[in-house]
Structures are given as C-alpha cells and as structure tokens.
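Colleague: I have a structure here, written as structure tokens, and I will follow up with some questions on it.
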Amino acid sequence: MPNIAFVNGRFMPLARAKVSVEDRGFQFGDGIYELARTYGGRIFHLQEHLERLDHSAKAIGLSIVYSRSRWKEILEKAHAQSGYPEAKLYIQITRGAAPRDHSFPKKSRMSVIVTVRKLVPLPSELREKGASVITAADLRWGRCDIKSVNLLPNVMARQKARSAGAFEALFIRDGLVMEGAGSNLFAVIRGQIMTPPKGPAILPGITRDLVIDLACGARDAFVEKGIPLEELYGAEEVFLTGTTVEILPVVKVDGKTISNGRPGKTTLRLYQQFLQTTRP
Ligand code: PMP
C-alpha cells in the first residue's frame with residue numbers, strides 16, 4: 001500500500017512528491033504543519049486540527065488556503081487512496097518557492113502538502129510498563145504555540161532522549177517543565193491533576209484539551225499550573241499526551257523513579273475514558 005502525497009492540488013505516491021530547493025520551508029523553515037490521525041478509519045478531531053492550522057497560518061502571515069470542507073475532502077481522499085485502515089495525516093504549508101531572501105517574497109505560491117503514512121501503534125509493552133523520559137533545556141523560540149516546521153530544538157532534544165535510552169525529552173524553561181519534544185505533559189501532584197497553562201511557551205495540544213475535558217467530566221481535581229522540575233520528580237503520576245502517544249504513562253524522569261515505578265491509577269483511568277471516546 002502506498003504512502004500518498006497531495007502536492008499543490010495533485011495526488012501522487014509519496015515517493016514521487018517533490019518541492020523546489022527554493023522552497024522557503026527548506027530554505028528558512030518558513031512554514032507550518034499539522035498532524036491528525038484516524039480512529040476506525042475516520043479522522044479524529046479534524047475541526048480542532050484545522051482550527052489550530054488557521055491559528056498557525058495567521059500567526060506567520062499566511063492566508064487560509066482551503067475551506068474546512070475542502071480540507072476534509074482532500075484528507076479523506078488521500079487517506080482512501082493510501083488504503084491504510086488507520087493513518088497519520090500530515091498537512092504542511094510553506095510560503096512557497098522564491099529567490100532566497102529573508103523577507104516575504106512579493107510573488108510566491110504557497111506550497112500545500114498532505115502526506116499520508118501508516119499509523120503504527122506504540123509497542124504495548126511501553127504502554128503497560130510506562131516510559132522513561134529525560135529533561136533538556138528549552139532552547140525553542142517564544143512562539144511555541146505556532147506549529148511551525150522549525151523543529152531543530154525538538155530534533156536535538158528527542159535525539160538526546162534516544163541516546164539516553166529514553167522515550168521523550170521534556171523541555172525545561174526557568175526551572176519549569178513545559179512539554180515534551182512532541183507531546184504535552186501532565187502530572188498528578190498532591191492528588192491534583194496539573195498541566196502547564198496554554199500560552200506562547202507550549203503547543204496547545206488537541207489531546208491535551210480532550211484529557212482536560214475527560215478529567216473535568218469525571219470531577220477530578222484539575223489545575224493549569226507551571227510545574228517545577230523538583231515537584232515533577234516527586235509527583236504521584238506523570239503522563240504524556242499527543243496524537244500518536246495518546247495518553248502515555250511516564251515512570252522515570254531523569255533516571256528518578258516516579259512513585260512506585262508503575263503507571264498510576266488516574267493515568268490508567270483517563271486512558272480507559274480516552275479509549276471509549278476514540279474507539280468507535
Ligand atoms: N507539543 C508538541 C511540541 C508537539 O509536537 C505535539 C504533537 N503535535 C504535542 C504537544 C501534542 O499535540 P496534539 O495532542 O495536538 O498531538
């Protein structure tokens with residue numbers, strides 16, 4: 001089954017998809033992206049992903065390319081062509097190809113790309129035992145709420161994690177834990193579920209919002225609050241959220257065992273609630 005791409009209006013196998021070396025995404029990282037996934041063959045929370053795409057586009061001065069219904073059509077068609085029952089769908093939009101100059105080109109056509117890849121679930125052992133994570137200095141810029149294709153600090157931090165045998169790296173800014181290189185962070189501390197507040201320092205995760213709704217619906221004690229790293233080490237529970245990780249228990253941070261070293265009960269209960277929401 002092929003990985004599929006949609007490039008500026010045309011569908012093709014991913015292996016044949018190309019953009020110019022003059023593309024500003026390649027030259028400057030001047031672009032944005034989104035990642036959505038399917039459950040039961042249907043794209044999950046597509047409207048929320050498209051809203052965040054609009055937010056990112058507006059923030060970097062890109063115009064809206066397609067209506068929500070046109071996006072849905074394109075993504076569904078690309079997914080159908082791939083033949084993958086469950087897939088990851090990436091949207092990437094850059095300011096297009098133009099002679100190299102930092103300022104916006106007077107004339108350029110945005111590059112609009114969709115790619116469809118097979119969704120490979122996380123190993124069940126990782127989910128059952130929980131993940132180890134490390135921490136890394138947050139070297140990212142001041143607008144982490146924009147889902148920009150500039151991912152070098154995330155790439156470096158994730159590689160640091162891999163080299164240390166860890167699953168994810170958590171970004172630390174001013175002594176506070178922000179989020180993972182590709183996930184949001186939650187902890188249970190003194191019986192209260194906590195996650196850092198939305199703002200320019202984190203990506204407003206679609207899964208994060210859903211988990212907050214689930215926690216509030218279950219009348220859990222919940223607060224959006226900065227989490228000092230020292231408090232995270234002593235947390236009762238820690239977990240990551242994201243489109244691909246869903247809700248993933250964390251049992252070690254920087255080699256320090258969290259609580260009894262096993263996935264916590266609130267994390268597991270939220271994951272069960274999450275499964276009911278996502279699995280048709
Ligand atoms: N933070 C970062 C930095 C991410 O890359 C991601 C994954 N897109 C997330 C959080 C989680 O967001 P979502 O739940 O929308 O996948």
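Labeling convention for the structure tokens: chains A, B, ... as they appear, residues from 1 per chain, ligands from 1 in order of appearance.
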Could you pull the residues within 6 Å of segment 38-46 of chain A, counting only C-alpha atoms, minus those fewer than 3 positions along the same chain, as a PDB file with C-alpha atoms, in the first residue's frame?

Modeller:
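So the final result, stored in selection-v2.pdb, reads:
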```
ATOM      1  CA  HIS A  49      -6.711  20.418  13.978  1.00  0.00           C
ATOM      2  CA  PRO A  85      -7.107   1.378   7.619  1.00  0.00           C
ATOM      3  CA  GLU A  86      -5.511   3.675  10.194  1.00  0.00           C
ATOM      4  CA  ALA A  87      -3.234   6.508   9.128  1.00  0.00           C
TER       5      ALA A  87
END
```

Colleague: Could you pull out the alpha helix (DSSP H) residues of segment 50-272 of chain A, going by DSSP on the backbone, and write them as a ChimeraX atom specification?

Modeller: /A:50-59,68-82,124-129,152-163,206-217,229-233,265-272

Colleague: Could those residues be written to a file, using C-alpha atoms, as a PDB file, in the first residue's frame?

Modeller:
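The resulting part-v4.pdb:
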```
ATOM      1  CA  LEU A  50      -7.915  22.764  11.227  1.00  0.00           C
ATOM      2  CA  GLU A  51      -8.588  25.493  13.783  1.00  0.00           C
ATOM      3  CA  ARG A  52      -5.029  25.161  15.080  1.00  0.00           C
ATOM      4  CA  LEU A  53      -3.755  25.211  11.487  1.00  0.00           C
ATOM      5  CA  ASP A  54      -5.610  28.503  10.940  1.00  0.00           C
ATOM      6  CA  HIS A  55      -4.086  29.872  14.161  1.00  0.00           C
ATOM      7  CA  SER A  56      -0.568  28.936  12.988  1.00  0.00           C
ATOM      8  CA  ALA A  57      -1.194  30.332   9.478  1.00  0.00           C
ATOM      9  CA  LYS A  58      -2.488  33.635  10.794  1.00  0.00           C
ATOM     10  CA  ALA A  59       0.408  33.944  13.251  1.00  0.00           C
ATOM     11  CA  ARG A  68     -12.708  23.366   6.239  1.00  0.00           C
ATOM     12  CA  SER A  69     -14.931  21.246   3.995  1.00  0.00           C
ATOM     13  CA  ARG A  70     -12.342  21.261   1.176  1.00  0.00           C
ATOM     14  CA  TRP A  71      -9.627  20.158   3.645  1.00  0.00           C
ATOM     15  CA  LYS A  72     -11.864  17.324   4.811  1.00  0.00           C
ATOM     16  CA  GLU A  73     -12.399  16.215   1.215  1.00  0.00           C
ATOM     17  CA  ILE A  74      -8.663  16.302   0.397  1.00  0.00           C
ATOM     18  CA  LEU A  75      -7.620  14.467   3.553  1.00  0.00           C
ATOM     19  CA  GLU A  76     -10.292  11.818   3.200  1.00  0.00           C
ATOM     20  CA  LYS A  77      -9.411  11.263  -0.452  1.00  0.00           C
ATOM     21  CA  ALA A  78      -5.693  10.988   0.343  1.00  0.00           C
ATOM     22  CA  HIS A  79      -6.475   8.539   3.139  1.00  0.00           C
ATOM     23  CA  ALA A  80      -8.725   6.450   0.890  1.00  0.00           C
ATOM     24  CA  GLN A  81      -6.041   6.294  -1.809  1.00  0.00           C
ATOM     25  CA  SER A  82      -3.470   5.079   0.705  1.00  0.00           C
ATOM     26  CA  SER A 124       2.062  -2.406  24.044  1.00  0.00           C
ATOM     27  CA  GLU A 125       4.946  -3.119  26.426  1.00  0.00           C
ATOM     28  CA  LEU A 126       5.806   0.604  26.537  1.00  0.00           C
ATOM     29  CA  ARG A 127       2.189   1.451  27.280  1.00  0.00           C
ATOM     30  CA  GLU A 128       1.910  -1.203  30.012  1.00  0.00           C
ATOM     31  CA  LYS A 129       5.245  -0.524  31.726  1.00  0.00           C
ATOM     32  CA  LEU A 152      15.543  21.813  15.333  1.00  0.00           C
ATOM     33  CA  PRO A 153      15.438  22.165  19.148  1.00  0.00           C
ATOM     34  CA  ASN A 154      12.822  19.377  19.223  1.00  0.00           C
ATOM     35  CA  VAL A 155      15.001  17.217  16.960  1.00  0.00           C
ATOM     36  CA  MET A 156      18.055  17.776  19.189  1.00  0.00           C
ATOM     37  CA  ALA A 157      16.126  17.113  22.399  1.00  0.00           C
ATOM     38  CA  ARG A 158      14.482  13.953  21.032  1.00  0.00           C
ATOM     39  CA  GLN A 159      17.867  12.669  19.902  1.00  0.00           C
ATOM     40  CA  LYS A 160      19.263  13.370  23.371  1.00  0.00           C
ATOM     41  CA  ALA A 161      16.430  11.232  24.739  1.00  0.00           C
ATOM     42  CA  ARG A 162      17.062   8.413  22.267  1.00  0.00           C
ATOM     43  CA  SER A 163      20.804   8.425  23.023  1.00  0.00           C
ATOM     44  CA  ILE A 206      -5.645  18.674  20.807  1.00  0.00           C
ATOM     45  CA  THR A 207      -5.183  15.617  23.034  1.00  0.00           C
ATOM     46  CA  ARG A 208      -4.384  17.911  25.984  1.00  0.00           C
ATOM     47  CA  ASP A 209      -7.785  19.628  25.588  1.00  0.00           C
ATOM     48  CA  LEU A 210      -9.541  16.275  25.369  1.00  0.00           C
ATOM     49  CA  VAL A 211      -7.800  14.962  28.505  1.00  0.00           C
ATOM     50  CA  ILE A 212      -8.780  18.112  30.417  1.00  0.00           C
ATOM     51  CA  ASP A 213     -12.410  17.579  29.339  1.00  0.00           C
ATOM     52  CA  LEU A 214     -12.257  13.952  30.484  1.00  0.00           C
ATOM     53  CA  ALA A 215     -10.735  14.919  33.848  1.00  0.00           C
ATOM     54  CA  CYS A 216     -13.252  17.709  34.420  1.00  0.00           C
ATOM     55  CA  GLY A 217     -16.137  15.451  33.317  1.00  0.00           C
ATOM     56  CA  LEU A 229      11.037  20.129  37.854  1.00  0.00           C
ATOM     57  CA  GLU A 230      11.674  19.309  41.533  1.00  0.00           C
ATOM     58  CA  GLU A 231       7.922  18.821  42.025  1.00  0.00           C
ATOM     59  CA  LEU A 232       7.718  16.610  38.961  1.00  0.00           C
ATOM     60  CA  TYR A 233      10.325  14.244  40.405  1.00  0.00           C
ATOM     61  CA  LYS A 265      -4.334   4.826  38.592  1.00  0.00           C
ATOM     62  CA  THR A 266      -5.554   8.248  37.410  1.00  0.00           C
ATOM     63  CA  THR A 267      -3.481   7.895  34.237  1.00  0.00           C
ATOM     64  CA  LEU A 268      -4.910   4.445  33.573  1.00  0.00           C
ATOM     65  CA  ARG A 269      -8.459   5.564  34.251  1.00  0.00           C
ATOM     66  CA  LEU A 270      -8.097   8.584  31.934  1.00  0.00           C
ATOM     67  CA  TYR A 271      -6.687   6.264  29.266  1.00  0.00           C
ATOM     68  CA  GLN A 272      -9.729   3.989  29.591  1.00  0.00           C
TER      69      GLN A 272
END
```

Colleague: Counting only C-alpha atoms and all ligand atoms, which residues of chain A fall within 9 Å of ligand 1, and what is the closest atom pair for each with its distance in Å at one decimal, ordered by chain and rising number, as CSV?

Modeller:
```
residue,atom,partner,partner_atom_place_in_ligand_line,distance
A:Glu34,CA,ligand 1,8 (N),7.1
A:Leu35,CA,ligand 1,8 (N),6.2
A:Ala36,CA,ligand 1,16 (O),7.3
A:Glu48,CA,ligand 1,15 (O),8.7
A:His49,CA,ligand 1,15 (O),7.2
A:Arg52,CA,ligand 1,15 (O),8.7
A:Cys144,CA,ligand 1,3 (C),7.4
A:Asp145,CA,ligand 1,3 (C),8.6
A:Lys147,CA,ligand 1,5 (O),7.4
A:Leu151,CA,ligand 1,5 (O),8.7
A:Asn154,CA,ligand 1,3 (C),7.4
A:Glu179,CA,ligand 1,1 (N),6.0
A:Gly180,CA,ligand 1,3 (C),5.9
A:Ala181,CA,ligand 1,3 (C),4.9
A:Gly182,CA,ligand 1,5 (O),3.4
A:Ser183,CA,ligand 1,10 (C),3.6
A:Asn184,CA,ligand 1,10 (C),4.3
A:Leu185,CA,ligand 1,10 (C),8.1
A:Ile202,CA,ligand 1,1 (N),6.5
A:Leu203,CA,ligand 1,1 (N),4.7
A:Pro204,CA,ligand 1,12 (O),6.5
A:Gly205,CA,ligand 1,12 (O),3.5
A:Ile206,CA,ligand 1,15 (O),3.8
A:Thr207,CA,ligand 1,14 (O),3.7
A:Arg208,CA,ligand 1,14 (O),5.6
A:Asp209,CA,ligand 1,14 (O),7.9
A:Leu210,CA,ligand 1,14 (O),8.5
A:Leu240,CA,ligand 1,11 (C),8.6
A:Thr241,CA,ligand 1,14 (O),5.9
A:Gly242,CA,ligand 1,14 (O),3.5
A:Thr243,CA,ligand 1,16 (O),3.6
A:Thr244,CA,ligand 1,16 (O),6.6
A:Val245,CA,ligand 1,16 (O),8.1
A:Glu246,CA,ligand 1,14 (O),7.4
```

Colleague: Using only C-alpha atoms, which residue out of A:Val250, A:Val238, A:Val120, A:Val149 lies closest to Ala166 of chain A?

Modeller: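 Looking at the shortest contact to Ala166 of chain A, the residue is A:Val250.
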
Colleague: Report the distance between atom CA of Ile134 of chain A and atom CA of Ala169 of chain A in Å, rounded to one decimal place.

Modeller: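 Straight-line distance from atom CA of Ile134 of chain A to atom CA of Ala169 of chain A works out to 4.9 Å.
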
Colleague: Could you tell me how far atom CA of Ala5 of chain A lies from atom CA of Arg143 of chain A, in Å and to one decimal?

Modeller: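 These atoms are spaced 28.4 Å apart.
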
Colleague: Considering only C-alpha atoms, return as a PyMOL selection string whatever protein or nucleic-acid residues lie within 12 Å of Lys107 of chain A, sequence-local ones (same chain, fewer than 6 positions apart) excluded.

Modeller: chain A and resi 95-99

Colleague: With distances taken over only C-alpha atoms, which of A:Arg16, A:Lys225, A:Arg219, A:Arg173 is nearest to Pro2 of chain A?

Modeller: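 For Pro2 of chain A, the nearest of the candidates is A:Arg16.
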
Colleague: Looking only at strand (DSSP E) from DSSP on the backbone, list the matching residues of segment 13-215 of chain A as a VMD selection string.

Modeller: chain A and resid 13 31 to 39 42 to 43 87 to 94 111 to 118 131 to 137 168 to 173 176 to 180 184 to 189 192 to 195

Colleague: Smallest atom-to-atom distance to His102 of chain A: which of A:Pro121, A:Gly142, A:Phe28, A:Gly130, using only C-alpha atoms?

Modeller: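 Looking at the shortest contact to His102 of chain A, the residue is A:Phe28.
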
Colleague: Identify, on the basis of only C-alpha atoms, every residue whose closest approach to Phe171 of chain A does not exceed 6 Å; exclude the query and any residue fewer than 4 positions from it along the same chain; express the result as a list in words.

Modeller: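 In the requested form, the answer reads Thr135, Ala136, Ala137, Asp138, Val177, Met178, Glu179 and Gly180 of chain A.
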
Colleague: Could you please take those selected residues and save all heavy atoms as a PDB file, in the first residue's frame?

Modeller:
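What follows is the written file again-v4.pdb:
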```pdb
ATOM      1  N   THR A 135      15.147  15.265  30.699  1.00  0.00           N
ATOM      2  CA  THR A 135      14.843  16.686  30.528  1.00  0.00           C
ATOM      3  C   THR A 135      15.943  17.343  29.697  1.00  0.00           C
ATOM      4  O   THR A 135      17.071  16.845  29.628  1.00  0.00           O
ATOM      5  CB  THR A 135      14.712  17.402  31.892  1.00  0.00           C
ATOM      6  OG1 THR A 135      15.924  17.200  32.630  1.00  0.00           O
ATOM      7  CG2 THR A 135      13.549  16.853  32.685  1.00  0.00           C
ATOM      8  N   ALA A 136      15.576  18.450  29.056  1.00  0.00           N
ATOM      9  CA  ALA A 136      16.528  19.193  28.221  1.00  0.00           C
ATOM     10  C   ALA A 136      16.182  20.675  28.320  1.00  0.00           C
ATOM     11  O   ALA A 136      15.001  21.028  28.494  1.00  0.00           O
ATOM     12  CB  ALA A 136      16.414  18.725  26.765  1.00  0.00           C
ATOM     13  N   ALA A 137      17.201  21.524  28.225  1.00  0.00           N
ATOM     14  CA  ALA A 137      16.943  22.972  28.262  1.00  0.00           C
ATOM     15  C   ALA A 137      16.037  23.335  27.090  1.00  0.00           C
ATOM     16  O   ALA A 137      16.219  22.830  25.982  1.00  0.00           O
ATOM     17  CB  ALA A 137      18.264  23.724  28.161  1.00  0.00           C
ATOM     18  N   ASP A 138      15.062  24.196  27.347  1.00  0.00           N
ATOM     19  CA  ASP A 138      14.143  24.613  26.283  1.00  0.00           C
ATOM     20  C   ASP A 138      14.802  25.726  25.475  1.00  0.00           C
ATOM     21  O   ASP A 138      14.799  26.884  25.875  1.00  0.00           O
ATOM     22  CB  ASP A 138      12.821  25.086  26.892  1.00  0.00           C
ATOM     23  CG  ASP A 138      11.722  25.208  25.853  1.00  0.00           C
ATOM     24  OD1 ASP A 138      12.035  25.134  24.644  1.00  0.00           O
ATOM     25  OD2 ASP A 138      10.561  25.364  26.245  1.00  0.00           O
ATOM     26  N   VAL A 177       8.720  22.749  33.945  1.00  0.00           N
ATOM     27  CA  VAL A 177       8.585  21.770  32.861  1.00  0.00           C
ATOM     28  C   VAL A 177       7.509  22.280  31.903  1.00  0.00           C
ATOM     29  O   VAL A 177       6.395  22.581  32.341  1.00  0.00           O
ATOM     30  CB  VAL A 177       8.146  20.402  33.405  1.00  0.00           C
ATOM     31  CG1 VAL A 177       8.347  19.325  32.355  1.00  0.00           C
ATOM     32  CG2 VAL A 177       8.916  20.053  34.665  1.00  0.00           C
ATOM     33  N   MET A 178       7.845  22.376  30.635  1.00  0.00           N
ATOM     34  CA  MET A 178       6.904  22.952  29.675  1.00  0.00           C
ATOM     35  C   MET A 178       6.062  21.883  28.990  1.00  0.00           C
ATOM     36  O   MET A 178       4.854  21.857  29.080  1.00  0.00           O
ATOM     37  CB  MET A 178       7.677  23.740  28.606  1.00  0.00           C
ATOM     38  CG  MET A 178       8.381  24.954  29.155  1.00  0.00           C
ATOM     39  SD  MET A 178       7.109  26.135  29.664  1.00  0.00           S
ATOM     40  CE  MET A 178       7.762  26.681  31.191  1.00  0.00           C
ATOM     41  N   GLU A 179       6.724  21.012  28.244  1.00  0.00           N
ATOM     42  CA  GLU A 179       6.057  19.958  27.465  1.00  0.00           C
ATOM     43  C   GLU A 179       7.158  19.068  26.906  1.00  0.00           C
ATOM     44  O   GLU A 179       8.346  19.343  27.089  1.00  0.00           O
ATOM     45  CB  GLU A 179       5.212  20.553  26.339  1.00  0.00           C
ATOM     46  CG  GLU A 179       6.015  21.349  25.320  1.00  0.00           C
ATOM     47  CD  GLU A 179       5.171  21.915  24.174  1.00  0.00           C
ATOM     48  OE1 GLU A 179       4.111  21.354  23.872  1.00  0.00           O
ATOM     49  OE2 GLU A 179       5.610  22.916  23.588  1.00  0.00           O
ATOM     50  N   GLY A 180       6.757  18.010  26.201  1.00  0.00           N
ATOM     51  CA  GLY A 180       7.736  17.149  25.559  1.00  0.00           C
ATOM     52  C   GLY A 180       8.115  17.686  24.190  1.00  0.00           C
ATOM     53  O   GLY A 180       7.505  18.635  23.687  1.00  0.00           O
TER      54      GLY A 180
END
```

Colleague: Which distance in Å separates atom CA of Arg100 of chain A and atom CA of Val19 of chain A, to one decimal?

Modeller: 14.9 Å

Colleague: Find, counting only C-alpha atoms, the residue in A:Arg140, A:Thr115, A:Ser259, A:Asn150 that gets nearest to Gly29 of chain A.

Modeller: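 Looking only at the distances to Gly29 of chain A, the closest residue turns out to be A:Asn150.
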
Colleague: Near Gly31 of chain A, within 6 Å and counting only C-alpha atoms, which residues show up once chain neighbours fewer than 6 positions away are dropped, as a PyMOL selection string?

Modeller: chain A and resi 25+93-94+148-149
